[in-house]
Structures are given as structure tokens and as C-alpha cells.
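Next comes structure_33.pdb, with PDB, C-alpha atoms.
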```pdb
ATOM      1  CA  MET E   1       0.000   0.000   0.000
ATOM      2  CA  VAL E   2       2.812   2.337   0.865
ATOM      3  CA  GLU E   3       4.441   1.755  -2.504
ATOM      4  CA  LYS E   4       1.132   2.318  -4.346
ATOM      5  CA  GLY E   5       0.601   5.566  -2.401
ATOM      6  CA  SER E   6       4.053   6.874  -3.277
ATOM      7  CA  VAL E   7       3.486   6.154  -6.972
ATOM      8  CA  VAL E   8       0.259   8.171  -6.852
ATOM      9  CA  THR E   9       2.046  11.013  -5.056
ATOM     10  CA  SER E  10       4.810  10.972  -7.643
ATOM     11  CA  GLU E  11       2.299  11.013 -10.530
ATOM     12  CA  ASN E  12       0.490  13.966  -8.927
ATOM     13  CA  LYS E  13       3.778  15.767  -8.518
ATOM     14  CA  ILE E  14       4.564  15.295 -12.214
ATOM     15  CA  LYS E  15       1.042  16.377 -13.255
ATOM     16  CA  THR E  16       1.312  19.486 -11.090
ATOM     17  CA  TYR E  17       4.743  20.250 -12.453
ATOM     18  CA  ARG E  18       3.530  19.923 -16.057
ATOM     19  CA  TRP E  19       0.723  22.412 -15.399
ATOM     20  CA  PHE E  20       3.308  24.680 -13.784
ATOM     21  CA  PHE E  21       5.468  24.344 -16.907
ATOM     22  CA  TYR E  22       2.532  25.182 -19.248
ATOM     23  CA  ILE E  23       1.486  28.203 -17.164
ATOM     24  CA  SER E  24       5.052  29.521 -17.190
ATOM     25  CA  LEU E  25       5.334  28.934 -20.942
ATOM     26  CA  LEU E  26       2.045  30.781 -21.436
ATOM     27  CA  GLN E  27       3.385  33.719 -19.404
ATOM     28  CA  LEU E  28       6.464  33.832 -21.596
ATOM     29  CA  LEU E  29       4.357  33.804 -24.768
ATOM     30  CA  ALA E  30       1.949  36.386 -23.343
ATOM     31  CA  PHE E  31       4.877  38.697 -22.788
ATOM     32  CA  PHE E  32       5.298  38.842 -26.567
ATOM     33  CA  ILE E  33       1.659  38.667 -27.572
ATOM     34  CA  VAL E  34       0.514  41.618 -25.431
ATOM     35  CA  PRO E  35       2.892  44.227 -26.976
ATOM     36  CA  ALA E  36       1.793  43.030 -30.430
ATOM     37  CA  LEU E  37      -1.772  43.953 -29.500
ATOM     38  CA  VAL E  38      -0.950  47.268 -27.822
ATOM     39  CA  PHE E  39       1.657  49.013 -29.973
ATOM     40  CA  PRO E  40       1.318  50.417 -33.508
ATOM     41  CA  ILE E  41       2.306  47.987 -36.265
ATOM     42  CA  ARG E  42       5.337  50.037 -37.382
ATOM     43  CA  LEU E  43       6.815  49.716 -33.874
ATOM     44  CA  VAL E  44       5.811  46.167 -32.960
ATOM     45  CA  LEU E  45       8.896  44.315 -34.178
ATOM     46  CA  HIS E  46      11.224  46.829 -32.544
ATOM     47  CA  ILE E  47       9.297  46.758 -29.264
ATOM     48  CA  GLU E  48       9.331  42.952 -29.286
ATOM     49  CA  ILE E  49      13.103  42.888 -29.754
ATOM     50  CA  ILE E  50      13.715  45.495 -27.048
ATOM     51  CA  SER E  51      11.309  43.614 -24.747
ATOM     52  CA  ALA E  52      13.158  40.375 -25.397
ATOM     53  CA  LEU E  53      16.375  42.081 -24.359
ATOM     54  CA  THR E  54      14.993  43.745 -21.211
ATOM     55  CA  LEU E  55      11.930  42.659 -19.237
ATOM     56  CA  GLY E  56      11.537  39.580 -21.427
ATOM     57  CA  LEU E  57      14.870  38.408 -20.056
ATOM     58  CA  VAL E  58      13.395  38.312 -16.568
ATOM     59  CA  VAL E  59      10.518  36.131 -17.755
ATOM     60  CA  ALA E  60      12.978  33.963 -19.709
ATOM     61  CA  LEU E  61      15.192  33.573 -16.650
ATOM     62  CA  PHE E  62      12.177  32.450 -14.635
ATOM     63  CA  PHE E  63      11.277  29.950 -17.355
ATOM     64  CA  LEU E  64      14.862  28.719 -17.376
ATOM     65  CA  LEU E  65      14.588  27.877 -13.662
ATOM     66  CA  VAL E  66      11.254  26.154 -14.306
ATOM     67  CA  ASN E  67      12.963  23.942 -16.893
ATOM     68  CA  VAL E  68      15.867  23.182 -14.570
ATOM     69  CA  CYS E  69      13.296  21.910 -12.045
ATOM     70  CA  GLY E  70      11.753  19.824 -14.834
ATOM     71  CA  LEU E  71      15.012  17.972 -15.359
ATOM     72  CA  TYR E  72      14.683  16.508 -11.858
ATOM     73  CA  ILE E  73      10.915  16.254 -11.408
ATOM     74  CA  ASP E  74       9.765  15.011 -14.830
ATOM     75  CA  LYS E  75      12.581  12.807 -16.091
ATOM     76  CA  SER E  76      10.512  11.256 -18.898
ATOM     77  CA  ARG E  77      10.510  14.577 -20.775
ATOM     78  CA  ARG E  78      14.088  15.601 -20.184
ATOM     79  CA  SER E  79      14.735  16.168 -23.887
ATOM     80  CA  LEU E  80      11.988  18.845 -23.961
ATOM     81  CA  TYR E  81      13.483  20.676 -20.991
ATOM     82  CA  VAL E  82      17.003  20.416 -22.383
ATOM     83  CA  SER E  83      15.772  21.913 -25.688
ATOM     84  CA  MET E  84      14.120  24.772 -23.806
ATOM     85  CA  LEU E  85      17.292  25.361 -21.788
ATOM     86  CA  ILE E  86      19.345  25.539 -24.984
ATOM     87  CA  ILE E  87      16.919  28.047 -26.540
ATOM     88  CA  ILE E  88      16.916  30.255 -23.433
ATOM     89  CA  GLY E  89      20.690  29.908 -23.144
ATOM     90  CA  LEU E  90      21.055  31.214 -26.710
ATOM     91  CA  TRP E  91      18.597  33.999 -25.900
ATOM     92  CA  LEU E  92      20.692  35.044 -22.873
ATOM     93  CA  LEU E  93      23.867  34.887 -24.969
ATOM     94  CA  TRP E  94      22.245  37.089 -27.636
ATOM     95  CA  ALA E  95      21.278  39.601 -24.915
ATOM     96  CA  VAL E  96      24.765  39.693 -23.409
ATOM     97  CA  ILE E  97      26.401  40.217 -26.830
ATOM     98  CA  SER E  98      23.818  42.829 -27.856
ATOM     99  CA  TRP E  99      24.224  44.934 -24.711
ATOM    100  CA  SER E 100      28.003  44.547 -24.682
ATOM    101  CA  TYR E 101      28.340  45.938 -28.209
ATOM    102  CA  ILE E 102      25.154  47.995 -28.362
ATOM    103  CA  GLU E 103      26.773  50.920 -30.199
ATOM    104  CA  HIS E 104      27.423  48.619 -33.171
ATOM    105  CA  MET E 105      24.012  46.913 -33.189
ATOM    106  CA  ASP E 106      22.437  48.842 -36.031
ATOM    107  CA  TYR E 107      19.407  46.568 -36.227
ATOM    108  CA  LEU E 108      18.540  47.623 -32.648
ATOM    109  CA  LEU E 109      19.388  51.281 -32.956
ATOM    110  CA  ARG E 110      17.957  52.233 -36.361
TER
ATOM    111  CA  MET S   1     -11.132  17.874  -3.595
ATOM    112  CA  LEU S   2     -10.773  20.921  -5.836
ATOM    113  CA  LYS S   3      -7.837  22.369  -3.938
ATOM    114  CA  HIS S   4      -5.834  19.212  -4.655
ATOM    115  CA  HIS S   5      -6.345  19.506  -8.396
ATOM    116  CA  PRO S   6      -2.922  19.674 -10.095
ATOM    117  CA  LEU S   7      -3.876  22.799 -12.071
ATOM    118  CA  LEU S   8      -4.833  24.773  -8.959
ATOM    119  CA  ARG S   9      -1.708  23.622  -7.175
ATOM    120  CA  ALA S  10       0.348  24.624 -10.208
ATOM    121  CA  ILE S  11      -1.218  28.100 -10.236
ATOM    122  CA  SER S  12      -0.410  28.668  -6.572
ATOM    123  CA  MET S  13       3.086  27.266  -7.138
ATOM    124  CA  ASN S  14       3.558  29.676 -10.039
ATOM    125  CA  ILE S  15       2.479  32.669  -7.949
ATOM    126  CA  MET S  16       4.727  31.668  -5.051
ATOM    127  CA  ALA S  17       7.653  31.007  -7.378
ATOM    128  CA  TRP S  18       7.245  34.431  -9.026
ATOM    129  CA  ILE S  19       7.135  36.187  -5.647
ATOM    130  CA  LEU S  20      10.266  34.381  -4.499
ATOM    131  CA  PHE S  21      12.024  34.957  -7.825
ATOM    132  CA  LEU S  22      11.252  38.702  -7.850
ATOM    133  CA  LEU S  23      12.324  39.080  -4.217
ATOM    134  CA  VAL S  24      15.671  37.452  -5.029
ATOM    135  CA  LEU S  25      16.101  39.704  -8.095
ATOM    136  CA  LEU S  26      15.219  42.805  -6.052
ATOM    137  CA  ALA S  27      17.676  41.814  -3.321
ATOM    138  CA  LEU S  28      20.441  41.320  -5.912
ATOM    139  CA  TYR S  29      19.544  44.631  -7.591
ATOM    140  CA  PHE S  30      19.689  46.691  -4.407
ATOM    141  CA  ALA S  31      22.649  44.813  -2.937
ATOM    142  CA  TRP S  32      24.907  45.061  -5.951
ATOM    143  CA  LEU S  33      23.554  45.897  -9.379
ATOM    144  CA  ARG S  34      21.958  49.291  -8.655
ATOM    145  CA  GLU S  35      25.136  50.945  -7.423
ATOM    146  CA  TYR S  36      27.088  49.483 -10.335
ATOM    147  CA  GLN S  37      24.661  50.681 -13.006
ATOM    148  CA  MET S  38      24.114  54.096 -11.383
ATOM    149  CA  ASN S  39      27.860  54.757 -11.571
ATOM    150  CA  TRP S  40      28.636  52.826 -14.735
ATOM    151  CA  GLY S  41      32.092  53.737 -16.057
ATOM    152  CA  ALA S  42      32.652  56.460 -13.453
ATOM    153  CA  THR S  43      35.431  56.537 -10.873
ATOM    154  CA  ALA S  44      34.774  57.471  -7.233
ATOM    155  CA  GLU S  45      36.310  60.864  -8.000
ATOM    156  CA  GLU S  46      33.906  61.484 -10.887
ATOM    157  CA  VAL S  47      30.946  60.384  -8.792
ATOM    158  CA  GLY S  48      31.946  62.711  -5.933
ATOM    159  CA  ARG S  49      32.825  65.699  -8.107
ATOM    160  CA  TYR S  50      30.464  68.686  -8.253
ATOM    161  CA  MET S  51      28.572  69.072 -11.517
ATOM    162  CA  ALA S  52      26.258  71.821 -12.722
ATOM    163  CA  GLY S  53      22.794  71.515 -11.202
ATOM    164  CA  ASP S  54      23.776  69.426  -8.171
ATOM    165  CA  GLU S  55      22.392  72.102  -5.870
ATOM    166  CA  LEU S  56      18.907  71.646  -7.362
ATOM    167  CA  HIS S  57      18.653  68.140  -5.869
ATOM    168  CA  GLU S  58      20.643  67.892  -2.674
ATOM    169  CA  ASN S  59      19.334  64.479  -1.634
ATOM    170  CA  PRO S  60      18.160  62.900  -4.877
ATOM    171  CA  ARG S  61      16.604  59.471  -4.842
ATOM    172  CA  PHE S  62      17.781  58.950  -8.401
ATOM    173  CA  ASP S  63      21.446  59.940  -8.704
ATOM    174  CA  ALA S  64      23.216  58.453 -11.707
ATOM    175  CA  THR S  65      26.722  59.456 -12.793
ATOM    176  CA  ARG S  66      27.959  57.588 -15.853
ATOM    177  CA  ALA S  67      31.242  58.155 -17.666
ATOM    178  CA  VAL S  68      33.044  57.022 -20.763
ATOM    179  CA  GLN S  69      36.553  57.758 -21.980
ATOM    180  CA  ILE S  70      36.649  59.017 -25.549
ATOM    181  CA  ASN S  71      39.720  59.130 -27.746
ATOM    182  CA  ALA S  72      39.061  62.701 -28.861
ATOM    183  CA  ALA S  73      39.438  66.241 -27.553
ATOM    184  CA  PRO S  74      36.466  67.982 -25.853
ATOM    185  CA  GLU S  75      36.110  70.259 -28.908
ATOM    186  CA  GLN S  76      35.456  67.178 -31.055
ATOM    187  CA  ILE S  77      32.863  65.757 -28.668
ATOM    188  CA  TRP S  78      30.942  68.936 -27.811
ATOM    189  CA  PRO S  79      29.200  69.381 -31.205
ATOM    190  CA  TRP S  80      27.651  65.907 -30.929
ATOM    191  CA  ILE S  81      26.033  66.814 -27.598
ATOM    192  CA  VAL S  82      24.891  70.259 -28.709
ATOM    193  CA  GLN S  83      22.994  68.906 -31.710
ATOM    194  CA  MET S  84      21.103  66.280 -29.696
ATOM    195  CA  GLY S  85      17.347  66.378 -29.912
ATOM    196  CA  TYR S  86      14.384  64.834 -31.656
ATOM    197  CA  SER S  87      14.449  65.574 -35.394
ATOM    198  CA  LYS S  88      17.834  67.294 -34.925
ATOM    199  CA  GLY S  89      20.803  65.012 -34.356
ATOM    200  CA  GLY S  90      18.760  62.420 -32.480
ATOM    201  CA  PHE S  91      19.755  60.945 -29.129
ATOM    202  CA  TYR S  92      22.206  58.352 -30.500
ATOM    203  CA  GLY S  93      20.015  55.743 -28.848
ATOM    204  CA  PHE S  94      17.101  53.678 -30.124
ATOM    205  CA  ASP S  95      15.983  55.794 -33.060
ATOM    206  CA  LYS S  96      12.626  54.078 -33.526
ATOM    207  CA  LEU S  97      11.720  54.843 -29.919
ATOM    208  CA  ASP S  98      13.298  58.227 -29.290
ATOM    209  CA  ASN S  99      13.787  59.809 -32.700
ATOM    210  CA  GLY S 100      10.676  58.896 -34.666
ATOM    211  CA  GLY S 101      12.598  56.288 -36.636
ATOM    212  CA  ILE S 102      14.931  58.892 -38.122
ATOM    213  CA  PRO S 103      18.531  57.645 -37.815
ATOM    214  CA  SER S 104      20.619  59.703 -35.393
ATOM    215  CA  ALA S 105      23.142  61.944 -37.117
ATOM    216  CA  GLU S 106      26.432  60.499 -38.264
ATOM    217  CA  ARG S 107      27.908  63.926 -38.960
ATOM    218  CA  ILE S 108      28.097  67.277 -37.237
ATOM    219  CA  ILE S 109      25.237  69.449 -38.472
ATOM    220  CA  PRO S 110      26.281  73.136 -38.577
ATOM    221  CA  GLU S 111      22.713  74.521 -38.298
ATOM    222  CA  TYR S 112      22.223  72.796 -34.916
ATOM    223  CA  GLN S 113      25.411  74.118 -33.355
ATOM    224  CA  ASN S 114      23.994  77.383 -31.998
ATOM    225  CA  LEU S 115      22.343  75.987 -28.873
ATOM    226  CA  LYS S 116      22.255  78.493 -26.006
ATOM    227  CA  VAL S 117      20.962  78.922 -22.463
ATOM    228  CA  GLY S 118      17.172  79.201 -22.459
ATOM    229  CA  ASP S 119      16.696  77.022 -25.531
ATOM    230  CA  SER S 120      14.393  74.016 -25.341
ATOM    231  CA  ILE S 121      15.414  70.714 -26.850
ATOM    232  CA  PRO S 122      12.804  68.871 -28.934
ATOM    233  CA  SER S 123      12.122  65.519 -27.351
ATOM    234  CA  GLY S 124       9.363  64.021 -29.452
ATOM    235  CA  GLU S 125       6.341  64.588 -31.631
ATOM    236  CA  TYR S 126       2.637  64.447 -30.776
ATOM    237  CA  THR S 127       1.203  61.434 -32.571
ATOM    238  CA  HIS S 128      -2.467  62.271 -32.036
ATOM    239  CA  GLY S 129      -4.801  65.002 -30.818
ATOM    240  CA  GLU S 130      -5.003  68.638 -31.883
ATOM    241  CA  HIS S 131      -1.210  69.058 -31.797
ATOM    242  CA  LYS S 132      -0.555  65.993 -33.974
ATOM    243  CA  GLY S 133       2.685  66.377 -35.890
ATOM    244  CA  GLU S 134       3.983  69.181 -33.659
ATOM    245  CA  LEU S 135       7.155  68.812 -31.619
ATOM    246  CA  PHE S 136       7.092  68.748 -27.841
ATOM    247  CA  TYR S 137       9.933  69.852 -25.601
ATOM    248  CA  LEU S 138      10.981  68.070 -22.411
ATOM    249  CA  LEU S 139      14.417  69.577 -21.889
ATOM    250  CA  GLU S 140      15.673  73.116 -21.379
ATOM    251  CA  VAL S 141      19.269  74.344 -21.424
ATOM    252  CA  VAL S 142      19.896  76.062 -18.087
ATOM    253  CA  GLU S 143      23.666  76.414 -17.960
ATOM    254  CA  MET S 144      26.360  76.125 -20.584
ATOM    255  CA  ASP S 145      30.122  76.414 -20.527
ATOM    256  CA  PRO S 146      31.150  75.485 -24.088
ATOM    257  CA  HIS S 147      33.402  72.437 -24.444
ATOM    258  CA  GLU S 148      33.279  71.887 -20.670
ATOM    259  CA  SER S 149      29.809  71.483 -19.224
ATOM    260  CA  MET S 150      26.102  71.904 -19.839
ATOM    261  CA  LEU S 151      22.993  71.538 -17.696
ATOM    262  CA  TRP S 152      19.619  70.482 -18.993
ATOM    263  CA  VAL S 153      16.483  70.495 -16.838
ATOM    264  CA  PHE S 154      13.476  68.323 -17.621
ATOM    265  CA  LEU S 155      10.168  70.100 -18.189
ATOM    266  CA  GLY S 156       7.681  67.230 -18.291
ATOM    267  CA  THR S 157       6.562  64.292 -16.138
ATOM    268  CA  PRO S 158       7.728  61.894 -14.879
ATOM    269  CA  TRP S 159      11.100  63.613 -15.049
ATOM    270  CA  LYS S 160       9.867  67.164 -14.369
ATOM    271  CA  GLY S 161      12.541  69.096 -12.477
ATOM    272  CA  ALA S 162      15.186  66.411 -12.988
ATOM    273  CA  THR S 163      18.656  67.593 -13.977
ATOM    274  CA  TRP S 164      20.795  66.152 -16.754
ATOM    275  CA  SER S 165      24.304  67.460 -16.466
ATOM    276  CA  TRP S 166      27.101  66.969 -18.972
ATOM    277  CA  GLY S 167      30.793  67.303 -18.184
ATOM    278  CA  LEU S 168      33.806  67.015 -20.460
ATOM    279  CA  TYR S 169      37.094  66.498 -18.637
ATOM    280  CA  ARG S 170      40.254  66.647 -20.721
ATOM    281  CA  VAL S 171      42.734  63.878 -19.896
ATOM    282  CA  ASP S 172      45.281  64.946 -22.524
ATOM    283  CA  ASP S 173      45.117  66.353 -26.067
ATOM    284  CA  GLU S 174      43.540  63.179 -27.444
ATOM    285  CA  HIS S 175      41.522  61.804 -24.540
ATOM    286  CA  THR S 176      38.475  63.115 -22.718
ATOM    287  CA  ILE S 177      36.202  61.724 -20.045
ATOM    288  CA  LEU S 178      32.569  62.384 -20.895
ATOM    289  CA  VAL S 179      30.374  62.358 -17.797
ATOM    290  CA  SER S 180      26.576  62.386 -17.679
ATOM    291  CA  ARG S 181      24.718  62.918 -14.420
ATOM    292  CA  LEU S 182      20.971  62.487 -13.989
ATOM    293  CA  ARG S 183      19.334  63.545 -10.736
ATOM    294  CA  GLN S 184      15.751  63.507  -9.579
ATOM    295  CA  SER S 185      14.046  63.673  -6.181
ATOM    296  CA  TYR S 186      10.942  61.691  -7.000
ATOM    297  CA  THR S 187       8.399  60.413  -4.510
ATOM    298  CA  PHE S 188       6.324  57.236  -4.491
ATOM    299  CA  ASP S 189       3.065  59.144  -4.026
ATOM    300  CA  SER S 190       0.915  57.084  -6.367
ATOM    301  CA  PHE S 191       0.724  53.616  -7.858
ATOM    302  CA  GLN S 192       1.630  55.120 -11.232
ATOM    303  CA  ALA S 193       4.737  56.714  -9.695
ATOM    304  CA  ILE S 194       5.811  53.399  -8.183
ATOM    305  CA  ILE S 195       5.478  51.591 -11.511
ATOM    306  CA  SER S 196       7.084  54.278 -13.662
ATOM    307  CA  TRP S 197       9.992  54.924 -11.287
ATOM    308  CA  SER S 198      10.632  51.196 -10.823
ATOM    309  CA  MET S 199      10.909  50.878 -14.595
ATOM    310  CA  ILE S 200      13.051  54.001 -14.949
ATOM    311  CA  ASP S 201      15.337  53.025 -12.075
ATOM    312  CA  THR S 202      16.149  49.662 -13.615
ATOM    313  CA  LEU S 203      15.999  50.349 -17.355
ATOM    314  CA  GLU S 204      17.196  53.939 -17.866
ATOM    315  CA  ILE S 205      20.830  52.776 -17.850
ATOM    316  CA  LEU S 206      20.238  50.948 -21.120
ATOM    317  CA  MET S 207      19.253  54.190 -22.871
ATOM    318  CA  MET S 208      21.962  56.307 -21.267
ATOM    319  CA  ARG S 209      24.752  53.820 -21.897
ATOM    320  CA  THR S 210      23.671  53.528 -25.536
ATOM    321  CA  THR S 211      23.716  57.327 -25.883
ATOM    322  CA  LEU S 212      27.165  57.691 -24.289
ATOM    323  CA  LEU S 213      28.644  54.905 -26.428
ATOM    324  CA  GLY S 214      26.919  56.406 -29.472
ATOM    325  CA  ILE S 215      28.641  59.752 -28.832
ATOM    326  CA  LYS S 216      31.964  57.963 -28.264
ATOM    327  CA  ARG S 217      31.739  56.035 -31.535
ATOM    328  CA  ARG S 218      30.829  59.132 -33.519
ATOM    329  CA  ALA S 219      33.463  61.403 -31.950
ATOM    330  CA  GLU S 220      36.196  58.812 -32.445
ATOM    331  CA  ASN S 221      35.218  58.221 -36.078
ATOM    332  CA  MET S 222      35.401  61.888 -37.017
TER
END
```

As C-alpha cells, how would this structure be written, given the file I've shared?
Amino acid sequence: MVEKGSVVTSENKIKTYRWFFYISLLQLLAFFIVPALVFPIRLVLHIEIISALTLGLVVALFFLLVNVCGLYIDKSRRSLYVSMLIIIGLWLLWAVISWSYIEHMDYLLR
Amino acid sequence: MLKHHPLLRAISMNIMAWILFLLVLLALYFAWLREYQMNWGATAEEVGRYMAGDELHENPRFDATRAVQINAAPEQIWPWIVQMGYSKGGFYGFDKLDNGGIPSAERIIPEYQNLKVGDSIPSGEYTHGEHKGELFYLLEVVEMDPHESMLWVFLGTPWKGATWSWGLYRVDDEHTILVSRLRQSYTFDSFQAIISWSMIDTLEILMMRTTLLGIKRRAENM
């Protein structure tokens, strides 16, 4: 009985974590969808890029931690979390390079 | 039991995780990052040195002194600062956001070199309403010592009354330290003020650093 109970607990933990993952992913997507609805079309792409390099980074960092948790809690979907970590890692790298050499980043400045 | 549903537990987990995450970020910001970004590039001497307009905000809540060394003489840097402004030379920042999409100048523009005390600096353009298409002015030149220093004061909210001081300190014939100091004594007297000043406090550095590096690149490429 004890073993059966622990399996149920573990399944609940994974189910809860997966919902947590989807909610966090939705928050990340919402961060890009909302500006697209609010700002004028001529500015949207620029605002999205600047958002991705500023406040979006905070949301991305949160999502990165969510995925790190996933590696330990939901081992059956490790490849998904690893893929997400790689994407966010590249995103962070892009941000660091962009802000380090901002004066040469014409696509951001013009 | 509804409260044991995985979705509801996940929602409460998400809220708790966000609170914890933001508290950690805030702690890191106030413990280390804020002081670093407020004095980006500046030495202790430059931070402590008097600049024009300091007396207008003796105990500012926002006190940012940023500096960059430029491989040029003050006379080569000054014209780039003087011609700053919306639809003039731009702000050497994010042109789509602060210059109506017009690229900031890549050359010194003679007709914008006659800035003087009392002049207002165009800061944007009304995009709707009865003044649509007209320029608005958020900065006024209050003091000027050509090739050495200049003081701008903000005219509009949320920066109203804030000072933006420029200083050019010659190191030798080919090197100058360009210093920018922003000061404001804002108060958290409304929810709007809390939100806008939280954003400004954390993000303004990105604009200012871009502007300073933009001036450096242009002055060095002359």
C-alpha cells in the first residue's frame, strides 16, 4: 500500500509540475503577444526585440529555472526541458552580446 | 477535492515562485547591481565631483553618474552633444523609440550648433490630438560652458525638475572623459509613480549607456 501511495504522489507531482510548466510557458508567450496587441504595427517588431532584451529576459530567466526543475521532477521529458534550456541559453547569450556591443548593433538602434 | 487539483496547485506554485524569484532579483539589484549601473564607467572621484545643477537636488533618490573615456578632444565631442534632440541630431540611442525612426546623425550638423541657455530641446512629436505632428519639448538648457559642461532640466513628467548634467574632462590632447549625471528627487506618491519609477530606475541605464557609447563612436570616427 505504501508503494502504491508513493506512486500516486509521484504522478500527482509530475502532473502538477507539467501544469506549472505550461502556465510559465504561457506567461512567456503572453509577454510577446501583449505588446503586439498594444503598440502600432510600425513599432511592434522593434518593441518585441527590445522587450526580449529587457523585461523579457526576466521572464525567460524564470522559465529557465522552471525547466531546470523539470530535469529533476519530470525525467521522462528531459529532452523537452534540455531543448528549452538551450533556446533560453542562446537567448541570454544574444542579450549579453547585444548589450556589450550595443553601439554597433544597427538593427537595434535604427 | 478541488484544492488538490494539479492545475490549482500549479497556479499557486507559479504565484509563489514568481514572488520568491522577484524578491531574489530585487535583493540582488539593491545589494549590488543598482550601485554598479548608477555609476557605470565612473570613478569614485567622478561620482563625488560637483557638476552643474547638483544644488537643485541635494538628496536625490535617483542619482546616476555615468562616464566614458573618448579618444578625442572635448572640442570634437561637444558638437555631438549640442545637436542632440528629436528631429535634430537624435539621441544616438534607439531611433525608432526616441527619434521617430529617423537615424541619429552620423555627422556634425552646422545649423544645430547654436544651442544656447534658455533654448528648449525637442524631445518628441505628438502622434495624435489637436497638436498631432507638432514637436514637444521636455528639456531646457539652463547652464552652458562650451566644451566643458552643460545643464539640462526636464520640463515634463515623470522627469519634471530632474537635472541632466554633462561634463567634459580633458585627460590629454587626445583623450576626454565624458560624464553624464541624472538627478531627480521623486516620490512614491501614487501607484503610477511606483510603476514608472521602478521601470526608470532599472531600465534607464540601457538608454543612457547607448547614448554615451553612441557619442563615443561618432566622436572617435570623425

### Explicit residue set for the ChimeraX specification (/E :<6) & /S, as number ranges by chain
S: 6-7, 10, 94-95, 103, 213-214

### Message
Can you translate the PyMOL selection byres ((chain S and resi 171-175) around 7) into the concrete residues it hits in this file, as a count of residues only?
### Response
9

### Message
Just checking: using all atoms listed in the file, which residue out of E:Phe32, E:Pro40, E:Ser98, E:Val68 ends up closest to Thr127 (chain S)?
### Response
E:Pro40

### Task
Counting all atoms listed in the file, note down every residue that has an atom within 12 Å of the point (9.5, 64.6, -14.2) (file coordinates), as a PyMOL selection string.
chain S and resi 62+138-139+153-164+182-187+193+196-197+200

### Task
Find the distance between CA of Ile19 (chain S) and CA of Ile87 (chain E) and write it in Å to one decimal.
24.5 Å

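Pairwise distance (CA of Gln113 (chain S), CA of Gly100 (chain S)) equals 21.2 Å.
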
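Take CA of Ser123 (chain S) and CA of Ala105 (chain S): the distance between them is 15.2 Å.
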
Box dimensions and centre (Å, one decimal) enclosing region 39-55 of chain E, axis-aligned, 6 Å extra per side, as AutoDock Vina command-line options:
```
--center_x 8.8 --center_y 45.4 --center_z -28.3 --size_x 27.1 --size_y 22.0 --size_z 30.1
```

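Within the file as shown, the PyMOL selection byres ((chain S and resi 106) around 10) identifies Trp80, Gly89, Gly90, Tyr92, Pro103, Ser104, Ala105, Arg107, Ile108, Ile109, Gly214, Ile215, Arg217, Arg218, Ala219, Asn221 and Met222 of chain S.
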
#### Entry: Ref. answer, residues at most 9 Å from (31.7, 62.5, -10.4) with all atoms listed in the file, as a ChimeraX atom specification
/S:39,42-51,65-67,179-181

### Message
My list of candidates is S:Phe21, S:Ile11, S:Met150, S:Leu168. Which is closest to Ala60 (chain E) when distances are computed with only C-alpha atoms?
### Response
S:Phe21

Your completed region 195-206 of chain S with N, CA and C atoms, as a PDB file, in the coordinates of the input:
```
ATOM      1  N   ILE S 195       5.213  52.379 -10.301  1.00  0.00           N
ATOM      2  CA  ILE S 195       5.478  51.591 -11.511  1.00  0.00           C
ATOM      3  C   ILE S 195       6.481  52.303 -12.419  1.00  0.00           C
ATOM      4  N   SER S 196       6.213  53.605 -12.693  1.00  0.00           N
ATOM      5  CA  SER S 196       7.084  54.278 -13.662  1.00  0.00           C
ATOM      6  C   SER S 196       8.504  54.435 -13.115  1.00  0.00           C
ATOM      7  N   TRP S 197       8.633  54.759 -11.818  1.00  0.00           N
ATOM      8  CA  TRP S 197       9.992  54.924 -11.287  1.00  0.00           C
ATOM      9  C   TRP S 197      10.719  53.597 -11.123  1.00  0.00           C
ATOM     10  N   SER S 198       9.981  52.520 -10.888  1.00  0.00           N
ATOM     11  CA  SER S 198      10.632  51.196 -10.823  1.00  0.00           C
ATOM     12  C   SER S 198      11.214  50.848 -12.187  1.00  0.00           C
ATOM     13  N   MET S 199      10.440  51.154 -13.231  1.00  0.00           N
ATOM     14  CA  MET S 199      10.909  50.878 -14.595  1.00  0.00           C
ATOM     15  C   MET S 199      12.106  51.762 -14.928  1.00  0.00           C
ATOM     16  N   ILE S 200      11.972  53.055 -14.623  1.00  0.00           N
ATOM     17  CA  ILE S 200      13.051  54.001 -14.949  1.00  0.00           C
ATOM     18  C   ILE S 200      14.323  53.627 -14.196  1.00  0.00           C
ATOM     19  N   ASP S 201      14.176  53.330 -12.907  1.00  0.00           N
ATOM     20  CA  ASP S 201      15.337  53.025 -12.075  1.00  0.00           C
ATOM     21  C   ASP S 201      16.141  51.846 -12.630  1.00  0.00           C
ATOM     22  N   THR S 202      15.439  50.862 -13.149  1.00  0.00           N
ATOM     23  CA  THR S 202      16.149  49.662 -13.615  1.00  0.00           C
ATOM     24  C   THR S 202      16.539  49.708 -15.094  1.00  0.00           C
ATOM     25  N   LEU S 203      15.780  50.434 -15.901  1.00  0.00           N
ATOM     26  CA  LEU S 203      15.999  50.349 -17.355  1.00  0.00           C
ATOM     27  C   LEU S 203      16.672  51.577 -17.979  1.00  0.00           C
ATOM     28  N   GLU S 204      16.654  52.706 -17.269  1.00  0.00           N
ATOM     29  CA  GLU S 204      17.196  53.939 -17.866  1.00  0.00           C
ATOM     30  C   GLU S 204      18.651  53.790 -18.281  1.00  0.00           C
ATOM     31  N   ILE S 205      19.414  52.991 -17.535  1.00  0.00           N
ATOM     32  CA  ILE S 205      20.830  52.776 -17.850  1.00  0.00           C
ATOM     33  C   ILE S 205      21.021  52.297 -19.285  1.00  0.00           C
ATOM     34  N   LEU S 206      20.081  51.507 -19.775  1.00  0.00           N
ATOM     35  CA  LEU S 206      20.238  50.948 -21.120  1.00  0.00           C
ATOM     36  C   LEU S 206      20.199  52.051 -22.170  1.00  0.00           C
TER      37      LEU S 206
END
```
